[in-house]
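Notes follow once the structure below has been shown.
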Amino acid sequence: MKKKNFRITGLLVLLIAIFGLAACGSNETVTLQGEEMGQQQEITLEAKGDEVQSMAAEMTIPYALIGVESKEEAESMDEMLQSEFEDANEADGVEVELTYEEEEIVVAINIDLTTAGPEELNTLGFGIDEDAFDEEDLSLEKMVSELEDNGLEVVEEE
């Protein structure tokens, strides 16, 4: 009887260890949303373990906030607006795209953090707190905490 209990206990410990190791390297996606000064923000972080691999941010900004009255007026200023993101688009691992909707402009920013590092991101004006980085890797836990401190709320975790 003791031998059977020992085997069952050993098997349970082994299963817990296997699932624990699998969770360490698992992929996780966290989406946060919020509003600041009239603009809607949604940020999605994709991580392997605690290391953020990519970040996608979408900001919806009403034309009135940028001093524009219509979609047509915003589209006529496209070259000037695109030039604001020229340095970011030229950086490795960063892509910024503007979309003109009826009443707002949507700014989509995609960052591949396996390519873009903390110094480069901060030089480009992304303002990610260097404390969120563990050496060169962006910590998911620290980044989510920083975004929550800035008023965003977690709306989805996978």
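Residue numbers start at 1 in each chain; chains themselves are named A, B, ... in the order of the structure tokens; ligands are numbered from 1 in the order shown.
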
Which residues are close to region 98-108 of chain A, i.e. within 7 Å by only C-alpha atoms, leaving aside same-chain residues fewer than 5 positions away? Reply as a list of chain:residue names.
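Surrounding residues, per the criterion: A:Ala57, A:Glu58, A:Met59, A:Thr60, A:Ile61, A:Pro62, A:Tyr63, A:Ser70, A:Lys71, A:Glu75.
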
Quick one: residues within 8 Å of Thr31 (chain A), only C-alpha atoms counted, chain neighbours fewer than 4 positions away excluded, as a ChimeraX atom specification?
/A:42-45,154-157

Saved selection, atoms kept: N, CA, C and O atoms, as a PDB file, in the first residue's frame:
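Generated file (out_5.pdb):
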ATOM      1  N   GLU A  42      -5.637  51.001 -27.472  1.00  0.00           N
ATOM      2  CA  GLU A  42      -5.658  49.566 -27.245  1.00  0.00           C
ATOM      3  C   GLU A  42      -4.252  49.053 -27.506  1.00  0.00           C
ATOM      4  O   GLU A  42      -3.688  49.320 -28.561  1.00  0.00           O
ATOM      5  N   ILE A  43      -3.718  48.354 -26.533  1.00  0.00           N
ATOM      6  CA  ILE A  43      -2.363  47.815 -26.653  1.00  0.00           C
ATOM      7  C   ILE A  43      -2.413  46.317 -26.413  1.00  0.00           C
ATOM      8  O   ILE A  43      -2.970  45.859 -25.417  1.00  0.00           O
ATOM      9  N   THR A  44      -1.839  45.562 -27.340  1.00  0.00           N
ATOM     10  CA  THR A  44      -1.779  44.108 -27.220  1.00  0.00           C
ATOM     11  C   THR A  44      -0.315  43.699 -27.127  1.00  0.00           C
ATOM     12  O   THR A  44       0.501  44.067 -27.985  1.00  0.00           O
ATOM     13  N   LEU A  45      -0.004  42.968 -26.074  1.00  0.00           N
ATOM     14  CA  LEU A  45       1.347  42.469 -25.843  1.00  0.00           C
ATOM     15  C   LEU A  45       1.352  40.960 -26.044  1.00  0.00           C
ATOM     16  O   LEU A  45       0.502  40.266 -25.491  1.00  0.00           O
ATOM     17  N   VAL A 154      -6.650  45.907 -18.219  1.00  0.00           N
ATOM     18  CA  VAL A 154      -6.570  44.623 -18.920  1.00  0.00           C
ATOM     19  C   VAL A 154      -7.985  44.201 -19.289  1.00  0.00           C
ATOM     20  O   VAL A 154      -8.868  44.155 -18.432  1.00  0.00           O
ATOM     21  N   VAL A 155      -8.206  43.924 -20.588  1.00  0.00           N
ATOM     22  CA  VAL A 155      -9.533  43.498 -21.039  1.00  0.00           C
ATOM     23  C   VAL A 155      -9.530  42.063 -21.536  1.00  0.00           C
ATOM     24  O   VAL A 155     -10.580  41.451 -21.675  1.00  0.00           O
ATOM     25  N   GLU A 156      -8.340  41.517 -21.797  1.00  0.00           N
ATOM     26  CA  GLU A 156      -8.258  40.143 -22.280  1.00  0.00           C
ATOM     27  C   GLU A 156      -6.877  39.570 -21.993  1.00  0.00           C
ATOM     28  O   GLU A 156      -5.871  40.239 -22.200  1.00  0.00           O
ATOM     29  N   GLU A 157      -6.873  38.337 -21.502  1.00  0.00           N
ATOM     30  CA  GLU A 157      -5.627  37.603 -21.285  1.00  0.00           C
ATOM     31  C   GLU A 157      -5.805  36.192 -21.840  1.00  0.00           C
ATOM     32  O   GLU A 157      -6.796  35.551 -21.567  1.00  0.00           O
TER      33      GLU A 157
END

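Closest approach to Glu51 (chain A) from the set A:Ala116, A:Ile109, A:Met80, A:Met143 is made by A:Met143, with distances taken over only C-alpha atoms.
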
What is the CA of Asp137 (chain A) to CA of Ala88 (chain A) distance in Å?
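These two atoms are separated by 19.5 Å.
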
Considering only strand (DSSP E) as DSSP defines it on the backbone, what residues of region 58-147 of chain A qualify? List them as a PyMOL selection string.
chain A and resi 58-62+94-100+104-112+133-134+137-138

Looking at A:Leu121, A:Leu65, A:Leu152, A:Leu113, which one is nearest to Glu46 (chain A), with distances taken over only C-alpha atoms?
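Closest to Glu46 (chain A), using only C-alpha atoms: A:Leu113.
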
Excluding Gln82 (chain A) and any residue of its chain fewer than 5 positions from it, enumerate the residues within 9 Å of it, using only C-alpha atoms, and give them as a list in words.
Met77, Val96, Glu97 and Leu98 of chain A

Kindly save the residues from that selection, with C-alpha atoms included, as a PDB file, in the first residue's frame.
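again_39.pdb, freshly written:
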ATOM      1  CA  MET A  77      -2.193  66.504 -44.768  1.00  0.00           C
ATOM      2  CA  VAL A  96       3.496  52.769 -38.054  1.00  0.00           C
ATOM      3  CA  GLU A  97       0.396  52.995 -40.219  1.00  0.00           C
ATOM      4  CA  LEU A  98      -2.194  55.776 -40.430  1.00  0.00           C
TER       5      LEU A  98
END

Just to confirm, what's the straight-line distance from CA of Glu84 (chain A) to CA of Thr115 (chain A) in Å (one decimal)?
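Distance between the two atoms: 21.6 Å.
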
Looking at A:Ala74, A:Val68, A:Ile111, A:Leu147, which one is nearest to Asn89 (chain A), with distances taken over only C-alpha atoms?
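For Asn89 (chain A), the nearest of the given residues is A:Ile111.
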
If you count only C-alpha atoms, which residues fall within 9 Å of Glu36 (chain A), apart from same-chain ones fewer than 3 positions away, as a ChimeraX atom specification?
/A:39-41,151-152

How would the residues just chosen look if you wrote them out with all heavy atoms as a short mmCIF file (atom, residue, chain, number, x, y, z; two decimals), in the first residue's frame?
data_model
loop_
_atom_site.label_atom_id
_atom_site.label_comp_id
_atom_site.auth_asym_id
_atom_site.auth_seq_id
_atom_site.Cartn_x
_atom_site.Cartn_y
_atom_site.Cartn_z
N GLN A 39 -8.64 60.35 -26.63
CA GLN A 39 -8.23 59.34 -27.61
C GLN A 39 -8.31 57.94 -27.00
O GLN A 39 -7.91 57.73 -25.87
CB GLN A 39 -6.83 59.62 -28.16
CG GLN A 39 -5.70 59.50 -27.16
CD GLN A 39 -4.34 59.73 -27.79
OE1 GLN A 39 -4.18 59.62 -28.99
NE2 GLN A 39 -3.36 60.06 -26.98
N GLN A 40 -8.85 57.02 -27.78
CA GLN A 40 -8.96 55.63 -27.36
C GLN A 40 -7.63 54.92 -27.65
O GLN A 40 -7.03 55.14 -28.70
CB GLN A 40 -10.08 54.93 -28.13
CG GLN A 40 -11.46 55.46 -27.84
CD GLN A 40 -11.90 55.11 -26.43
OE1 GLN A 40 -11.59 54.05 -25.91
NE2 GLN A 40 -12.61 56.02 -25.81
N GLN A 41 -7.22 54.07 -26.73
CA GLN A 41 -5.98 53.31 -26.90
C GLN A 41 -6.24 51.84 -26.65
O GLN A 41 -6.96 51.49 -25.72
CB GLN A 41 -4.92 53.79 -25.91
CG GLN A 41 -4.57 55.24 -26.03
CD GLN A 41 -3.58 55.66 -24.95
OE1 GLN A 41 -2.83 54.85 -24.43
NE2 GLN A 41 -3.58 56.92 -24.62
N GLY A 151 -3.29 54.20 -16.56
CA GLY A 151 -4.73 54.29 -16.75
C GLY A 151 -5.36 53.27 -17.68
O GLY A 151 -6.57 53.31 -17.88
N LEU A 152 -4.59 52.37 -18.25
CA LEU A 152 -5.19 51.33 -19.10
C LEU A 152 -5.64 50.16 -18.24
O LEU A 152 -5.10 49.94 -17.15
CB LEU A 152 -4.21 50.87 -20.17
CG LEU A 152 -4.05 51.87 -21.31
CD1 LEU A 152 -2.81 52.71 -21.09
CD2 LEU A 152 -3.96 51.16 -22.62
#

From A:Glu141, A:Glu79, A:Glu158, A:Glu73, residue lying nearest Ser26 (chain A) [only C-alpha atoms]:
A:Glu158

If you measure from CA of Ser139 (chain A) to CA of Val94 (chain A), what distance in Å do you get, rounded to one decimal?
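One can read the CA of Ser139 (chain A) to CA of Val94 (chain A) distance as 18.4 Å.
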
Could you write out, as a list in words, all the residues of region 43-97 of chain A that DSSP marks as alpha helix (DSSP H)?
Lys71, Glu72, Glu73, Ala74, Glu75, Ser76, Asp78, Glu79, Met80, Leu81, Gln82, Ser83, Glu86, Asp87, Ala88, Asn89 and Glu90 of chain A

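Distances from A:Gln33, A:Asn110, A:Asn27, A:Asn150 to Met55 (chain A) were compared using only C-alpha atoms, and the smallest one belongs to A:Asn110.
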
Between A:Met37, A:Ala47, A:Leu81, A:Leu32, single out the one closest to Thr114 (chain A), counting only C-alpha atoms.
A:Ala47
